[in-house]
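Structure data follow from my_file-v1.cif (mmCIF, C-alpha atoms and all ligand atoms):
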```
data_work
#
loop_
_atom_site.label_atom_id
_atom_site.label_comp_id
_atom_site.auth_asym_id
_atom_site.auth_seq_id
_atom_site.Cartn_x
_atom_site.Cartn_y
_atom_site.Cartn_z
CA MET I 1 12.21 6.56 17.99
CA PHE I 2 12.62 9.38 20.47
CA SER I 3 16.42 9.41 20.49
CA VAL I 4 16.56 9.17 16.70
CA VAL I 5 14.32 12.20 16.46
CA LEU I 6 16.52 14.17 18.82
CA LYS I 7 19.67 13.22 16.96
CA LYS I 8 18.22 14.26 13.64
CA LEU I 9 17.13 17.56 15.05
CA LYS I 10 20.55 18.20 16.51
CA ASP I 11 22.19 17.28 13.23
CA THR I 12 20.02 19.55 11.18
CA LEU I 13 18.58 22.50 13.02
CA TYR I 14 19.62 22.63 16.64
CA SER I 15 20.78 26.06 17.74
CA LYS I 16 21.33 27.22 14.20
CA SER I 17 18.55 29.76 14.19
CA LYS I 18 15.58 30.95 16.20
CA GLY I 19 13.37 28.80 13.99
CA GLY I 20 15.61 25.82 14.54
CA ALA I 21 15.27 26.07 18.28
CA ALA I 22 11.49 26.52 18.02
CA ILE I 23 11.15 23.43 15.85
CA GLN I 24 13.34 21.40 18.18
CA ASN I 25 11.30 22.31 21.25
CA ILE I 26 8.05 21.31 19.63
CA PHE I 27 9.41 17.91 18.65
CA ILE I 28 10.89 17.15 22.02
CA ARG I 29 7.44 17.63 23.47
CA THR I 30 5.31 15.99 20.89
CA PHE I 31 6.54 13.55 18.29
CA SER I 32 5.66 9.86 18.47
CA ALA I 33 4.86 6.91 16.18
CA PRO I 34 1.59 6.96 14.21
CA GLU I 35 -1.49 5.43 15.76
CA ARG I 36 -2.83 4.39 12.37
CA LEU I 37 -0.90 3.40 9.28
CA ASP I 38 -2.71 1.75 6.41
CA MET I 39 0.06 0.09 4.44
CA THR I 40 -2.10 -0.32 1.35
CA SER I 41 -2.26 3.44 0.76
CA LEU I 42 1.19 4.84 1.31
CA ALA I 43 1.12 7.96 -0.85
CA TRP I 44 0.63 10.33 2.09
CA VAL I 45 2.58 8.50 4.77
CA GLY I 46 5.73 10.59 4.35
CA HIS I 47 3.86 13.64 5.60
CA ILE I 48 2.63 12.19 8.88
CA PRO I 49 5.41 13.76 11.00
CA PHE I 50 4.77 17.19 9.48
CA ALA I 51 0.99 16.90 9.92
CA TYR I 52 1.57 16.05 13.56
CA TYR I 53 3.98 18.93 13.99
CA LEU I 54 1.80 21.49 12.21
CA VAL I 55 -1.24 20.71 14.35
CA ALA I 56 0.93 20.93 17.47
CA ILE I 57 2.18 24.41 16.62
CA MET I 58 -1.08 25.76 15.15
CA LYS I 59 -3.49 24.49 17.80
CA PRO I 60 -6.26 24.80 15.19
CA ARG I 61 -9.83 25.18 16.37
CA LYS I 62 -11.14 23.36 13.32
CA VAL I 63 -9.33 21.03 10.91
CA VAL I 64 -11.13 19.95 7.73
CA GLU I 65 -9.83 17.38 5.31
CA LEU I 66 -11.19 17.05 1.76
CA GLY I 67 -10.38 13.45 0.80
CA SER I 68 -9.77 11.05 3.69
CA PHE I 69 -9.87 7.65 1.97
CA LYS I 70 -8.40 5.15 4.47
CA GLY I 71 -7.49 7.80 7.01
CA ASN I 72 -3.69 7.97 7.09
CA SER I 73 -3.63 11.76 6.90
CA LEU I 74 -6.79 12.33 8.94
CA SER I 75 -5.56 10.24 11.83
CA ALA I 76 -2.20 12.03 11.86
CA PHE I 77 -4.06 15.30 12.53
CA CYS I 78 -6.22 13.57 15.15
CA GLN I 79 -3.31 11.96 16.95
CA SER I 80 -1.63 15.32 17.38
CA VAL I 81 -4.84 16.85 18.75
CA GLU I 82 -5.21 13.98 21.22
CA GLU I 83 -1.60 13.75 22.42
CA ASN I 84 -1.12 17.50 22.66
CA LYS I 85 -4.45 17.85 24.47
CA LEU I 86 -5.76 20.45 22.05
CA ASP I 87 -9.25 21.85 21.93
CA SER I 88 -9.75 21.12 18.20
CA LYS I 89 -12.46 19.55 16.07
CA VAL I 90 -11.39 17.44 13.09
CA VAL I 91 -13.72 16.61 10.19
CA GLY I 92 -12.90 14.25 7.31
CA VAL I 93 -15.05 14.85 4.22
CA ASP I 94 -15.21 12.19 1.52
CA ALA I 95 -17.96 10.55 -0.51
CA TRP I 96 -16.01 7.27 -0.18
CA GLU I 97 -17.08 6.44 -3.72
CA GLY I 98 -13.64 6.83 -5.30
CA ASP I 99 -12.86 9.14 -8.19
CA LEU I 100 -11.29 9.35 -11.64
CA HIS I 101 -7.79 8.69 -10.26
CA MET I 102 -8.58 6.31 -7.40
CA GLY I 103 -11.12 4.08 -9.13
CA THR I 104 -14.06 2.85 -7.07
CA PHE I 105 -13.86 1.15 -3.70
CA PRO I 106 -16.15 -0.68 -1.30
CA GLU I 107 -18.27 0.72 1.54
CA GLU I 108 -16.01 -1.18 3.99
CA TYR I 109 -13.31 1.49 3.68
CA TYR I 110 -15.64 4.09 5.15
CA LEU I 111 -17.03 1.75 7.80
CA GLU I 112 -13.60 0.62 8.93
CA LEU I 113 -12.33 4.20 9.24
CA LYS I 114 -15.50 5.30 11.05
CA ASP I 115 -15.03 2.48 13.51
CA PHE I 116 -11.40 3.53 14.09
CA MET I 117 -12.31 7.19 14.59
CA ASP I 118 -15.22 6.38 16.91
CA ASN I 119 -12.95 4.20 19.02
CA HIS I 120 -9.87 6.43 19.11
CA TYR I 121 -11.08 10.02 18.84
CA PRO I 122 -14.80 10.02 19.73
CA ASN I 123 -14.78 13.46 21.35
CA PHE I 124 -13.44 15.61 18.56
CA ALA I 125 -13.30 13.74 15.22
CA SER I 126 -16.08 13.06 12.74
CA LEU I 127 -16.57 11.91 9.17
CA LYS I 128 -18.88 13.56 6.64
CA LYS I 129 -19.81 11.11 3.92
CA CYS I 130 -20.75 13.43 1.05
CA TYR I 131 -19.37 15.48 -1.84
CA PHE I 132 -17.09 18.39 -0.98
CA ASP I 133 -19.36 20.93 -2.71
CA ASP I 134 -22.33 19.73 -0.64
CA ALA I 135 -20.44 19.71 2.68
CA VAL I 136 -19.22 23.29 2.38
CA THR I 137 -22.53 24.88 3.40
CA SER I 138 -22.43 23.23 6.82
CA PHE I 139 -19.31 25.20 7.86
CA PRO I 140 -19.64 28.85 8.94
CA ASP I 141 -17.54 31.44 7.13
CA GLY I 142 -14.14 32.06 8.74
CA SER I 143 -14.31 28.91 10.86
CA ILE I 144 -11.56 26.62 9.50
CA ASP I 145 -7.97 27.03 10.70
CA LEU I 146 -6.43 24.09 8.84
CA LEU I 147 -7.75 22.77 5.51
CA HIS I 148 -6.19 19.78 3.78
CA ILE I 149 -7.07 19.41 0.08
CA ASP I 150 -6.53 15.85 -1.16
CA GLY I 151 -9.51 14.96 -3.36
CA LEU I 152 -9.47 14.61 -7.13
CA HIS I 153 -6.14 15.86 -8.46
CA THR I 154 -7.07 17.53 -11.74
CA TYR I 155 -6.29 21.24 -12.10
CA GLU I 156 -9.99 22.14 -12.26
CA ALA I 157 -10.93 20.05 -9.21
CA VAL I 158 -8.15 21.42 -6.99
CA LYS I 159 -8.86 25.00 -8.05
CA ASN I 160 -12.56 24.47 -7.37
CA ASP I 161 -11.86 22.94 -3.95
CA PHE I 162 -9.63 25.84 -2.91
CA GLU I 163 -11.91 28.57 -4.21
CA THR I 164 -15.10 26.99 -2.85
CA TRP I 165 -13.66 26.60 0.64
CA LEU I 166 -11.73 29.89 0.76
CA PRO I 167 -14.57 31.87 2.45
CA LYS I 168 -14.63 29.24 5.21
CA LEU I 169 -11.01 29.89 6.20
CA SER I 170 -10.15 31.85 9.33
CA ASP I 171 -7.60 34.66 9.54
CA LYS I 172 -4.97 32.20 10.87
CA ALA I 173 -5.68 29.56 8.23
CA VAL I 174 -3.18 27.26 6.60
CA VAL I 175 -4.09 25.12 3.58
CA LEU I 176 -2.25 21.92 2.66
CA PHE I 177 -2.26 20.58 -0.91
CA HIS I 178 -1.18 17.02 -1.60
CA ASP I 179 0.41 15.83 -4.88
CA THR I 180 2.11 19.12 -5.69
CA THR I 181 5.02 17.36 -7.42
CA VAL I 182 3.16 14.70 -9.41
CA VAL I 183 3.73 14.92 -13.16
CA LYS I 184 1.15 12.62 -14.69
CA LYS I 185 -1.62 12.85 -17.25
CA ASP I 186 -4.67 14.58 -15.71
CA PHE I 187 -2.82 15.59 -12.52
CA GLY I 188 -2.95 19.36 -12.24
CA VAL I 189 -2.02 20.12 -8.62
CA ILE I 190 1.53 20.91 -9.73
CA LYS I 191 0.24 23.63 -12.07
CA TYR I 192 -2.26 25.04 -9.59
CA TRP I 193 0.40 25.06 -6.88
CA SER I 194 2.79 26.98 -9.14
CA GLU I 195 0.14 29.71 -9.40
CA ILE I 196 -1.34 29.85 -5.89
CA SER I 197 1.97 29.47 -4.03
CA THR I 198 3.13 32.86 -5.30
CA MET I 199 0.10 34.60 -3.79
CA TYR I 200 0.65 33.67 -0.12
CA PRO I 201 3.63 32.71 2.07
CA SER I 202 4.27 29.09 1.19
CA PHE I 203 6.55 26.07 1.32
CA ASN I 204 6.50 22.87 -0.69
CA PHE I 205 7.75 19.50 0.55
CA ASP I 206 9.29 17.66 -2.37
CA PHE I 207 8.83 14.02 -1.23
CA SER I 208 5.82 11.66 -0.95
CA HIS I 209 4.20 13.23 -4.03
CA GLY I 210 4.71 16.73 -2.63
CA LEU I 211 2.84 18.64 0.06
CA GLY I 212 2.24 22.35 -0.38
CA VAL I 213 1.86 24.46 2.76
CA LEU I 214 0.02 27.72 2.07
CA ALA I 215 -0.34 30.34 4.80
CA VAL I 216 -3.58 31.93 3.64
CA GLY I 217 -4.67 33.71 6.83
CA LYS I 218 -3.72 37.35 7.38
CA ASN I 219 -2.82 36.63 11.02
CA ILE I 220 -1.03 33.30 10.91
CA SER I 221 0.55 32.28 14.21
CA GLU I 222 4.14 33.20 15.01
CA ASP I 223 5.19 29.52 14.97
CA VAL I 224 3.79 29.00 11.47
CA ARG I 225 5.45 32.18 10.27
CA VAL I 226 8.79 31.03 11.72
CA PHE I 227 8.38 27.59 10.15
CA ILE I 228 7.76 29.02 6.68
CA ASP I 229 10.60 31.46 7.13
CA VAL I 230 13.10 28.76 8.15
CA ALA I 231 11.81 26.33 5.52
CA THR I 232 12.09 28.91 2.76
CA LYS I 233 15.65 29.75 3.76
CA ARG I 234 16.71 26.11 4.27
CA PRO I 235 14.44 23.97 2.09
CA ALA I 236 16.86 21.05 1.86
CA ALA I 237 17.32 20.85 5.65
CA ILE I 238 13.57 20.94 6.29
CA ASN I 239 12.82 18.41 3.56
CA ASN I 240 15.54 16.09 4.88
CA LEU I 241 14.39 16.45 8.45
CA PHE I 242 10.76 15.53 7.80
CA TYR I 243 11.65 12.92 5.19
CA GLY I 244 14.01 11.33 7.70
CA LEU I 245 11.33 11.30 10.38
CA ALA I 246 8.96 9.57 7.96
CA GLN I 247 11.59 6.97 7.16
CA ASP I 248 11.83 6.19 10.85
CA ILE I 249 8.13 5.43 10.91
CA LEU I 250 8.08 3.08 7.98
CA PRO I 251 10.51 0.20 8.40
CA GLU I 252 9.03 -1.19 11.59
CA LYS I 253 5.50 -1.08 10.17
CA ALA I 254 6.72 -2.35 6.84
CA PHE I 255 8.05 -5.38 8.67
CA ALA I 256 4.71 -6.04 10.31
CA PHE I 257 3.15 -5.78 6.87
CA VAL I 258 5.60 -8.26 5.41
CA GLU I 259 4.97 -10.71 8.20
CA LYS I 260 1.24 -10.44 7.68
CA LEU I 261 1.54 -11.13 3.99
CA ARG I 262 3.98 -13.96 4.56
CA ALA I 263 1.41 -15.57 6.79
CA ASN I 264 -0.87 -15.20 3.77
CA GLU I 265 -3.43 -13.22 5.70
CA GLU I 266 -5.97 -11.09 3.93
CA PHE I 267 -6.17 -7.38 4.61
CA LYS I 268 -8.45 -6.05 7.30
CA CYS I 269 -11.15 -5.15 4.82
CA GLY I 270 -11.24 -8.75 3.69
CA ARG I 271 -9.72 -8.50 0.24
CA GLN I 272 -6.74 -10.15 -1.43
CA VAL I 273 -3.46 -8.47 -2.36
CA THR I 274 -4.02 -6.25 -5.40
CA HIS I 275 -1.85 -4.84 -8.16
CA GLN I 276 -1.78 -1.54 -6.26
CA ASP I 277 -0.63 -3.24 -3.05
CA ILE I 278 2.35 -4.71 -4.89
CA ASN I 279 3.15 -1.27 -6.33
CA ASN I 280 3.02 0.11 -2.80
CA ILE I 281 5.41 -2.52 -1.47
CA ARG I 282 7.77 -1.85 -4.39
CA ASP I 283 7.61 1.91 -3.78
CA VAL I 284 8.38 1.59 -0.07
CA ALA I 285 11.34 -0.61 -0.96
CA LEU I 286 12.59 1.94 -3.50
CA SER I 287 12.22 4.74 -0.98
CA LEU I 288 14.37 2.82 1.52
CA GLU I 289 17.18 1.75 -0.81
CA LYS I 290 19.55 4.54 0.23
CA THR I 291 18.78 4.60 3.93
CA ASN I 292 18.00 1.00 4.86
CA ILE I 293 19.06 -1.61 2.33
CA LYS I 294 18.13 -4.49 4.64
CA HIS I 295 14.49 -3.46 4.84
CA ALA I 296 14.46 -2.45 1.18
CA ALA I 297 15.75 -5.91 0.21
CA LEU I 298 13.14 -7.67 2.32
CA LEU I 299 10.30 -5.69 0.83
CA MET I 300 11.57 -6.04 -2.73
CA GLU I 301 11.92 -9.77 -2.18
CA LEU I 302 8.27 -9.86 -1.18
CA ALA I 303 7.24 -7.76 -4.19
CA HIS I 304 9.23 -10.16 -6.39
CA LYS I 305 7.40 -13.16 -4.90
CA LEU I 306 4.07 -11.51 -5.54
CA ARG I 307 4.98 -10.35 -9.07
CA PRO I 308 7.80 -12.60 -10.33
CA ASN I 309 7.71 -11.21 -13.89
CA GLY I 310 7.80 -7.50 -13.00
CA ILE I 311 10.90 -6.14 -14.76
CA LEU I 312 11.78 -3.32 -12.35
CA ILE I 313 11.00 -5.42 -9.29
CA LYS I 314 13.13 -8.29 -10.58
CA LYS I 315 16.05 -6.00 -11.41
CA LYS I 316 15.93 -4.23 -8.04
CA HIS I 317 15.47 -7.48 -6.13
CA PHE I 318 18.71 -8.88 -7.55
CA GLU I 319 20.51 -5.55 -7.15
CA TYR I 320 19.54 -5.34 -3.46
CA GLN I 321 20.52 -8.97 -2.82
CA GLU I 322 23.96 -8.33 -4.36
CA ASN I 323 24.30 -5.14 -2.38
CA LEU I 324 23.49 -6.97 0.85
CA LYS I 325 25.90 -9.82 0.08
CA SER I 326 28.76 -7.42 -0.56
CA LYS I 327 27.96 -5.56 2.68
CA ILE I 328 28.01 -8.84 4.63
CA ALA I 329 31.28 -9.90 2.93
CA LYS I 330 32.91 -6.64 4.00
C1 LIG T 401 -6.20 10.64 -2.74
S1 LIG T 401 -7.56 10.10 -1.81
C2 LIG T 401 -7.25 10.76 -0.22
C3 LIG T 401 -6.07 10.13 0.47
C4 LIG T 401 -5.95 10.39 1.94
N1 LIG T 401 -5.82 11.79 2.26
C5 LIG T 401 -4.80 9.59 2.58
O1 LIG T 401 -4.25 10.00 3.56
O2 LIG T 401 -4.46 8.52 2.06
C6 LIG T 401 -8.84 11.08 -2.48
C7 LIG T 401 -10.21 10.84 -1.86
O3 LIG T 401 -11.05 11.94 -2.23
C8 LIG T 401 -12.36 11.47 -2.47
N2 LIG T 401 -13.00 12.45 -3.36
C9 LIG T 401 -12.51 12.93 -4.53
N3 LIG T 401 -13.32 13.89 -5.02
C10 LIG T 401 -14.34 14.03 -4.14
C11 LIG T 401 -15.47 14.91 -4.06
N4 LIG T 401 -15.71 15.83 -4.98
N5 LIG T 401 -16.30 14.78 -3.00
C12 LIG T 401 -16.06 13.85 -2.04
N6 LIG T 401 -15.00 13.00 -2.06
C13 LIG T 401 -14.14 13.10 -3.08
C14 LIG T 401 -12.19 10.08 -3.02
O4 LIG T 401 -13.32 9.29 -2.70
C15 LIG T 401 -10.92 9.58 -2.31
O5 LIG T 401 -11.23 8.79 -1.18
#
```

Represent the structure contained in this file as structure tokens.
Ligand SMILES: C[S@@+](CC[C@H](N)C(=O)[O-])C[C@H]1O[C@@H](n2cnc3c(N)ncnc32)[C@H](O)[C@@H]1O
Amino acid sequence: MFSVVLKKLKDTLYSKSKGGAAIQNIFIRTFSAPERLDMTSLAWVGHIPFAYYLVAIMKPRKVVELGSFKGNSLSAFCQSVEENKLDSKVVGVDAWEGDLHMGTFPEEYYLELKDFMDNHYPNFASLKKCYFDDAVTSFPDGSIDLLHIDGLHTYEAVKNDFETWLPKLSDKAVVLFHDTTVVKKDFGVIKYWSEISTMYPSFNFDFSHGLGVLAVGKNISEDVRVFIDVATKRPAAINNLFYGLAQDILPEKAFAFVEKLRANEEFKCGRQVTHQDINNIRDVALSLEKTNIKHAALLMELAHKLRPNGILIKKKHFEYQENLKSKIAK
């Protein structure tokens, strides 16, 4: 992992600008594989390397997440705090009841994540099981350095979340918005992002459903300023860099996931494979088709076994098998 990271950095940013050098130094010191990766909720996984990096450069005093679900994003922030020995507090706020887009889910999701947090990050991480609008009063004004908004994704909900929590942000605050590129009925983050991103320095990652980075504070740190500056000038390089880092995380874990399913094990929370799980496996396979056809083929084969009549899965499964055969023949 480490050498791959270094190579990617050299290929993309090394020595090309002041920002490039700054980004490289941070990664050499900090980047590692994720401590927690829930393979049944992959939508956010692509942003784990950036979350880790951002916390490392910001050294936030308080990180608040609105919408933690199974904890992939929350634990990325926590891991960076822990490994970089930062003096930060991290709070995940969620009612763990589900919402319009997520459906409902069982109490076990909250209990399992609480158990993980208590075991891994007992000194600085906590969960607040309540509605966002109710939680806001327990944070002093100007106290939050990093806010991640990933709750309900309608235009009204995202606007309300940002505006309600705005007074709580410090003068070095950065706000992250997930799902900034999703075009789907009822999803309004894309529209809200198009408005709010013109009002502050900002950058939008275009993969894994999009992650908007909004530098709201009047005194953002020099490293954050440099990042946004470099990213704005070289959006493709920055997107490729972080996308590539995320791809390095996935295959190995995807394999473990495949093995688990092959052994016909149930998931940790004690439920069977769902429709959404199969969609997730399919989506990971699709995301790997250009960079790692071997892993993509394995995952698509699994998706095909689980959903033999799925048209796209069937088509891609055969396409990947053919692709592999021709590679081997060569
Ligand atoms: C998209 S999920 C979060 C995904 C998570 N960040 C990850 O890394 O996978 C959205 C979560 O927000 C929660 N949620 C939505 N609206 C809420 C509200 N108003 N108050 C509390 N929780 C809410 C849902 O229960 C759900 O768990």

Residues of chain I at most 6 Å from ligand LIG 401 (chain T): nearest atom pair and distance in Å, all atoms listed in the file, as a tab-separated table:
```
residue	atom	partner	partner_atom	distance
I:Ser41	CA	T:LIG401	O2	5.7
I:Trp44	CA	T:LIG401	O1	5.1
I:Gly67	CA	T:LIG401	O3	3.5
I:Ser68	CA	T:LIG401	C4	4.3
I:Phe69	CA	T:LIG401	O5	3.6
I:Lys70	CA	T:LIG401	O2	5.7
I:Gly71	CA	T:LIG401	O1	5.2
I:Asn72	CA	T:LIG401	O1	4.1
I:Ser73	CA	T:LIG401	O1	3.8
I:Asp94	CA	T:LIG401	N6	3.7
I:Ala95	CA	T:LIG401	C12	4.1
I:Trp96	CA	T:LIG401	O4	4.2
I:Glu97	CA	T:LIG401	O4	4.8
I:Gly98	CA	T:LIG401	O4	3.6
I:Asp99	CA	T:LIG401	C9	5.3
I:Cys130	CA	T:LIG401	C12	5.6
I:Tyr131	CA	T:LIG401	N5	3.4
I:Phe132	CA	T:LIG401	N5	4.2
I:Asp150	CA	T:LIG401	C2	5.2
I:Gly151	CA	T:LIG401	O3	3.6
I:Leu152	CA	T:LIG401	C9	4.3
```

Atom CA of I:Phe207 to atom CA of I:His47, straight-line distance in Å: 8.5 Å

d(atom CA of I:Leu113, atom CA of I:Leu66) in Å: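 Result for atom CA of I:Leu113 versus atom CA of I:Leu66: 14.9 Å, one decimal.
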
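Take atom CA of I:Tyr200 and atom CA of I:Pro140: the distance between them is 22.7 Å.
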
Selection near I:Glu319, 12 Å with only C-alpha atoms, sequence-local residues under 5 positions removed, as a list of chain:residue names: I:Leu286, I:Glu289, I:Ile293, I:Ala296, I:Ala297, I:Met300, I:Glu301, I:Leu312, I:Ile313, I:Lys314, I:Leu324, I:Lys325, I:Ser326

Nearest candidate to I:Asn119 (options I:Thr104, I:Asn279, I:Thr137, I:Ser75; using only C-alpha atoms): I:Ser75

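Once all atoms listed in the file are considered, the residues situated within 8 Å of the file point (10.0, 32.5, 1.6) turn out to be Pro201, Ser202, Phe203, Ile228, Asp229, Ala231, Thr232 and Lys233 of chain I.
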
Would you save the residues of that selection, restricted to C-alpha atoms, as a compact mmCIF listing (two decimals), in the frame of the given file?
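In the end it all went to result.txt:
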```
# COMPACT_ATOMS: atom_id res chain seq x y z
CA PRO I 201 3.63 32.71 2.07
CA SER I 202 4.27 29.09 1.19
CA PHE I 203 6.55 26.07 1.32
CA ILE I 228 7.76 29.02 6.68
CA ASP I 229 10.60 31.46 7.13
CA ALA I 231 11.81 26.33 5.52
CA THR I 232 12.09 28.91 2.76
CA LYS I 233 15.65 29.75 3.76
```

From I:Leu211, I:Ile196, I:Ala56, I:Ile281, residue lying nearest I:Val182 [only C-alpha atoms]: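 That would be I:Leu211, the residue with the smallest distance to I:Val182.
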
Selection near I:Tyr121, 12 Å with all atoms listed in the file, sequence-local residues under 5 positions removed, as an MDAnalysis selection string: chainID I and resid 35:36 74:83 85 88:91 113:116 126:127

Minimum-distance residue to I:Leu146, chosen among I:Asp206, I:Glu65, I:Asp118, I:Asp179 (using only C-alpha atoms):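 Nearest to I:Leu146: I:Glu65.
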
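Closest approach to I:His317 among I:Leu147, I:Val136, I:Leu241, I:Leu299: I:Leu299, based on only C-alpha atoms.
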
Residue nearest I:Asn84 - candidates I:Leu111, I:Leu54, I:Met117, I:Val284, atoms counted: all atoms listed in the file: I:Leu54

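Closest approach to I:Asn219 from the set I:Pro49, I:Ser170, I:Asp38, I:Ile144 is made by I:Ser170, with distances taken over only C-alpha atoms.
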